[in-house]
Amino acid sequence: MSAAILSMEAVGLSFGDKRVLDNLTFSVRRGEVFGFLGPSGAGKTSTIKLLTRQLSRDGGRISLLGRPLERATEADYERVGILSDTSALYDRMSIADNVELYARLRGVGRRRVPMLLQRLGLAEDAKTLVKHCSKGMRQRAALAAALVHEPELLFLDEPTSGLDPAARAEVHKLLADLRARGATVFLTTHDMAEAETVCDRVAILADGAIAACDDPDELKLRYARNRIAVRTRTRGTLELSKDPADVAKLPELACAGELLAVHSDEPNLEEVFLELTGREF
Ligand SMILES: Nc1ncnc2c1ncn2[C@@H]1O[C@H](COP(=O)(O)OP(=O)(O)OP(=O)(O)O)[C@@H](O)[C@H]1O
């Protein structure tokens with residue numbers, strides 16, 4: 001899991017006078033689940049559109065599946081799957097018919113359709129017309145359609161938005177399965193707990209560029225505060241620094257029978273996100 005399956009170097013994108021992406025540089029390793037995070041309007045969906053040639057950049061270089069984007073072929077895009085809010089499903093067709101249609105369009109048989117519907121909790125509703133589906137059912141049906149040809153690179157734009165916790169957990173399991181079979185997933189989400197759970201690495205987009213890109217645990221350590229919380233038997237919770245002079249107090253507290261627990265005060269990914277972007281999400 002090391003070679004880049006896609007990369008962007010100094011990529012810019014503007015809509016009229018509005019500069020959305022400015023000097024965007026990052027790469028995604030083959031076989032990883034890569035979380036692309038950022039506040040609303042930061043340019044996450046636009047980045048997916050650049051990578052799938054639905055938008056053109058102002059400058060910089062993009063490579064996809066080992067070649068410059070300009071030279072990507074139809075055959076390359078057959079190795080790619082995409083789920084976005086514009087993923088089209090036909091309202092007057094059933095869920096199963098929609099997913100089977102995608103299978104035909106992708107030139108694969110419908111062999112995998114029942115399994116995918118089962119995995120996504122849609123088997124009992126397979127014959128339900130899409131126009132009668134809830135938002136969460138549509139989202140799962142669109143995900144099944146994106147997966148029908150077993151893509152090796154999958155773009156998922158907020159795949160769990162609108163899903164209840166059970167369906168969300170099912171999607172997380174599916175992501176783990178995709179990863180286990182070597183697929184690469186490029187995922188956007190506003191759910192920082194989800195990013196921590198499912199992503200090997202995350203990139204945080206702020207002001208048109210990557211503010212940080214790393215394993216979520218590494219990011220949390222990098223932004224860890226110089227603080228530990230010590231619960232004591234009679235003196236409540238003491239806040240100590242990680243400096244040697246403070247840490248040396250721990251054995252004293254232990255010998256005095258005071259030490260109940262020591263907690264490192266690491267931020268969660270949400271706090272790291274807010275620190276880097278200075279914004280709510
Ligand atoms: N076709 C377009 N024409 C003009 N402006 C656009 C267009 N598409 C996107 N934008 C603007 O570009 C910026 C980035 O939009 P984008 O949808 O990529 O953000 P995002 O990070 O995906 O946001 P969200 O998290 O809310 O989905 C926004 O300010 C948006 O209004």
# chains A, B, ... in the order shown; residues from 1 in each chain; ligands from 1
call {"tool": "residues_near_ligand", "arguments": {"ligand": "ligand 1", "cutoff": "9 Å", "atoms": "only C-alpha atoms and all ligand atoms", "output": "mmCIF file with C-alpha atoms, in the first residue's frame"}}
result
data_model
loop_
_atom_site.group_PDB
_atom_site.id
_atom_site.type_symbol
_atom_site.label_atom_id
_atom_site.label_comp_id
_atom_site.auth_asym_id
_atom_site.auth_seq_id
_atom_site.Cartn_x
_atom_site.Cartn_y
_atom_site.Cartn_z
ATOM 1 C CA LEU A 13 -9.908 26.076 -9.427
ATOM 2 C CA SER A 14 -12.000 29.234 -9.699
ATOM 3 C CA PHE A 15 -15.629 29.922 -10.456
ATOM 4 C CA GLY A 16 -15.585 33.407 -11.978
ATOM 5 C CA LYS A 18 -14.164 33.098 -6.686
ATOM 6 C CA ARG A 19 -10.993 31.124 -6.000
ATOM 7 C CA VAL A 20 -12.073 27.783 -4.499
ATOM 8 C CA LEU A 21 -8.900 25.684 -4.733
ATOM 9 C CA LEU A 37 -12.384 16.684 5.073
ATOM 10 C CA GLY A 38 -13.181 20.363 5.120
ATOM 11 C CA PRO A 39 -15.822 22.890 6.092
ATOM 12 C CA SER A 40 -18.917 23.304 3.969
ATOM 13 C CA GLY A 41 -18.003 25.034 0.723
ATOM 14 C CA ALA A 42 -14.269 24.259 1.079
ATOM 15 C CA GLY A 43 -14.193 22.508 -2.298
ATOM 16 C CA LYS A 44 -14.445 18.782 -1.516
ATOM 17 C CA THR A 45 -17.117 17.989 -4.105
ATOM 18 C CA SER A 46 -15.364 20.219 -6.641
ATOM 19 C CA THR A 47 -12.173 18.192 -6.094
ATOM 20 C CA ILE A 48 -14.053 14.950 -6.835
ATOM 21 C CA LYS A 49 -15.498 16.616 -9.935
ATOM 22 C CA LEU A 55 -14.833 20.198 -14.022
ATOM 23 C CA ASP A 157 -19.156 12.040 -1.494
ATOM 24 C CA GLU A 158 -20.780 11.956 1.955
ATOM 25 C CA THR A 188 -15.756 13.003 2.039
ATOM 26 C CA THR A 189 -17.643 13.314 5.293
ATOM 27 C CA HIS A 190 -18.620 15.931 7.857
ATOM 28 C CA LEU A 205 -8.867 21.177 3.287
ATOM 29 C CA PHE A 281 -18.609 21.979 10.002
#
call {"tool": "select_by_dssp", "arguments": {"residues": "range 38-276 of chain A", "states": "helix (DSSP H, G or I)", "output": "number ranges by chain"}}
result
A: 44-51, 69-71, 74-77, 95-105, 113-119, 123-125, 130-132, 135-147, 165-180, 192-198, 216-222, 244-247, 249-255, 269-276
call {"tool": "residues_around", "arguments": {"residues": "Ile5 in chain A", "least_positions_apart": "2", "cutoff": "9 Å", "atoms": "only C-alpha atoms", "output": "PyMOL selection string"}}
result
chain A and resi 2-3+7+27-31+63-66+153+184
call {"tool": "write_last_selection", "arguments": {"atoms": "N, CA and C atoms", "output": "PDB file, in the first residue's frame"}}
result
ATOM      1  N   SER A   2       1.496   1.585  -1.167  1.00  0.00           N
ATOM      2  CA  SER A   2       2.337   2.764  -1.137  1.00  0.00           C
ATOM      3  C   SER A   2       2.206   3.591  -2.403  1.00  0.00           C
ATOM      4  N   ALA A   3       2.168   2.952  -3.588  1.00  0.00           N
ATOM      5  CA  ALA A   3       2.137   3.730  -4.818  1.00  0.00           C
ATOM      6  C   ALA A   3       0.882   4.591  -4.851  1.00  0.00           C
ATOM      7  N   SER A   7      -3.081  11.639  -7.676  1.00  0.00           N
ATOM      8  CA  SER A   7      -2.397  12.753  -7.012  1.00  0.00           C
ATOM      9  C   SER A   7      -2.783  14.071  -7.654  1.00  0.00           C
ATOM     10  N   SER A  27      -1.657  13.273  -2.335  1.00  0.00           N
ATOM     11  CA  SER A  27      -1.778  12.047  -3.118  1.00  0.00           C
ATOM     12  C   SER A  27      -2.458  10.975  -2.272  1.00  0.00           C
ATOM     13  N   VAL A  28      -3.082  10.044  -2.952  1.00  0.00           N
ATOM     14  CA  VAL A  28      -3.809   8.952  -2.301  1.00  0.00           C
ATOM     15  C   VAL A  28      -3.099   7.654  -2.650  1.00  0.00           C
ATOM     16  N   ARG A  29      -2.821   6.851  -1.618  1.00  0.00           N
ATOM     17  CA  ARG A  29      -2.095   5.597  -1.851  1.00  0.00           C
ATOM     18  C   ARG A  29      -3.057   4.495  -2.266  1.00  0.00           C
ATOM     19  N   ARG A  30      -2.568   3.644  -3.129  1.00  0.00           N
ATOM     20  CA  ARG A  30      -3.390   2.502  -3.552  1.00  0.00           C
ATOM     21  C   ARG A  30      -3.768   1.662  -2.331  1.00  0.00           C
ATOM     22  N   GLY A  31      -5.039   1.338  -2.192  1.00  0.00           N
ATOM     23  CA  GLY A  31      -5.481   0.436  -1.129  1.00  0.00           C
ATOM     24  C   GLY A  31      -5.884   1.103   0.171  1.00  0.00           C
ATOM     25  N   SER A  63      -2.889  13.375 -11.562  1.00  0.00           N
ATOM     26  CA  SER A  63      -2.705  12.048 -12.164  1.00  0.00           C
ATOM     27  C   SER A  63      -3.700  11.076 -11.560  1.00  0.00           C
ATOM     28  N   LEU A  64      -4.178  10.170 -12.393  1.00  0.00           N
ATOM     29  CA  LEU A  64      -5.203   9.210 -11.981  1.00  0.00           C
ATOM     30  C   LEU A  64      -4.821   7.847 -12.542  1.00  0.00           C
ATOM     31  N   LEU A  65      -4.800   6.849 -11.677  1.00  0.00           N
ATOM     32  CA  LEU A  65      -4.479   5.483 -12.081  1.00  0.00           C
ATOM     33  C   LEU A  65      -3.169   5.440 -12.876  1.00  0.00           C
ATOM     34  N   GLY A  66      -2.212   6.224 -12.408  1.00  0.00           N
ATOM     35  CA  GLY A  66      -0.861   6.130 -12.961  1.00  0.00           C
ATOM     36  C   GLY A  66      -0.609   6.935 -14.209  1.00  0.00           C
ATOM     37  N   LEU A 153     -11.152   1.963  -7.644  1.00  0.00           N
ATOM     38  CA  LEU A 153     -11.064   3.294  -7.022  1.00  0.00           C
ATOM     39  C   LEU A 153     -12.482   3.843  -6.903  1.00  0.00           C
ATOM     40  N   THR A 184      -9.382   1.189  -3.356  1.00  0.00           N
ATOM     41  CA  THR A 184      -9.026   2.479  -2.761  1.00  0.00           C
ATOM     42  C   THR A 184     -10.298   3.309  -2.653  1.00  0.00           C
TER      43      THR A 184
END
call {"tool": "residues_around", "arguments": {"residues": "Ile228 in chain A", "least_positions_apart": "6", "cutoff": "8 Å", "atoms": "only C-alpha atoms", "output": "CSV table (one decimal) with N, CA and C atoms, in the first residue's frame"}}
result
chain,number,residue,atom,x,y,z
A,239,GLU,N,-4.5,18.8,37.1
A,239,GLU,CA,-4.0,19.0,35.8
A,239,GLU,C,-2.5,19.2,35.8
A,240,LEU,N,-1.7,18.3,35.2
A,240,LEU,CA,-0.3,18.5,35.2
A,240,LEU,C,0.2,18.6,33.7
A,241,SER,N,1.3,19.2,33.5
A,241,SER,CA,1.9,19.3,32.2
A,241,SER,C,2.7,18.0,32.0
A,242,LYS,N,3.2,17.8,30.7
A,242,LYS,CA,4.0,16.6,30.4
A,242,LYS,C,5.5,16.9,30.7
A,262,VAL,N,-4.7,8.2,35.4
A,262,VAL,CA,-4.0,9.2,34.6
A,262,VAL,C,-4.6,9.2,33.2
A,263,HIS,N,-5.0,10.4,32.7
A,263,HIS,CA,-5.6,10.5,31.4
A,263,HIS,C,-4.7,11.5,30.6
A,264,SER,N,-4.3,11.0,29.4
A,264,SER,CA,-3.7,11.9,28.5
A,264,SER,C,-4.8,12.8,27.9
A,265,ASP,N,-4.5,14.0,27.7
A,265,ASP,CA,-5.6,14.9,27.2
A,265,ASP,C,-5.5,15.2,25.7
call {"tool": "atom_distance", "arguments": {"atom1": "CA of Cys213 in chain A", "atom2": "CA of Arg61 in chain A"}}
result
18.7 Å
call {"tool": "closest_residue", "arguments": {"among": "A:Arg57, A:Lys220, A:Arg79, A:Lys249", "to": "Phe155 in chain A", "atoms": "only C-alpha atoms"}}
result
A:Arg79
call {"tool": "closest_residue", "arguments": {"among": "A:Leu276, A:Leu122, A:Ala256, A:Leu6", "to": "Asp207 in chain A", "atoms": "only C-alpha atoms"}}
result
A:Leu276
call {"tool": "atom_distance", "arguments": {"atom1": "CA of Glu152 in chain A", "atom2": "CA of Ala183 in chain A"}}
result
4.6 Å
call {"tool": "atom_distance", "arguments": {"atom1": "CA of Phe186 in chain A", "atom2": "CA of Thr52 in chain A"}}
result
11.9 Å
call {"tool": "select_by_dssp", "arguments": {"residues": "range 74-271 of chain A", "states": "strand (DSSP E or B)", "output": "ChimeraX atom specification"}}
result
/A:80-83,94,129,153-157,184-188,201-206,209-214,228-232,237-240,259-264
call {"tool": "residues_around", "arguments": {"residues": "Gly107 in chain A", "least_positions_apart": "3", "cutoff": "12 Å", "atoms": "only C-alpha atoms", "output": "list in words"}}
result
Ala75, Glu78, Arg79, Glu100, Leu101, Tyr102, Ala103, Arg104, Arg110, Arg111, Val148, His149 and Glu150 of chain A
call {"tool": "closest_residue", "arguments": {"among": "A:Leu260, A:Val33, A:Ala145, A:Ile82", "to": "Ala176 in chain A", "atoms": "only C-alpha atoms"}}
result
A:Val33
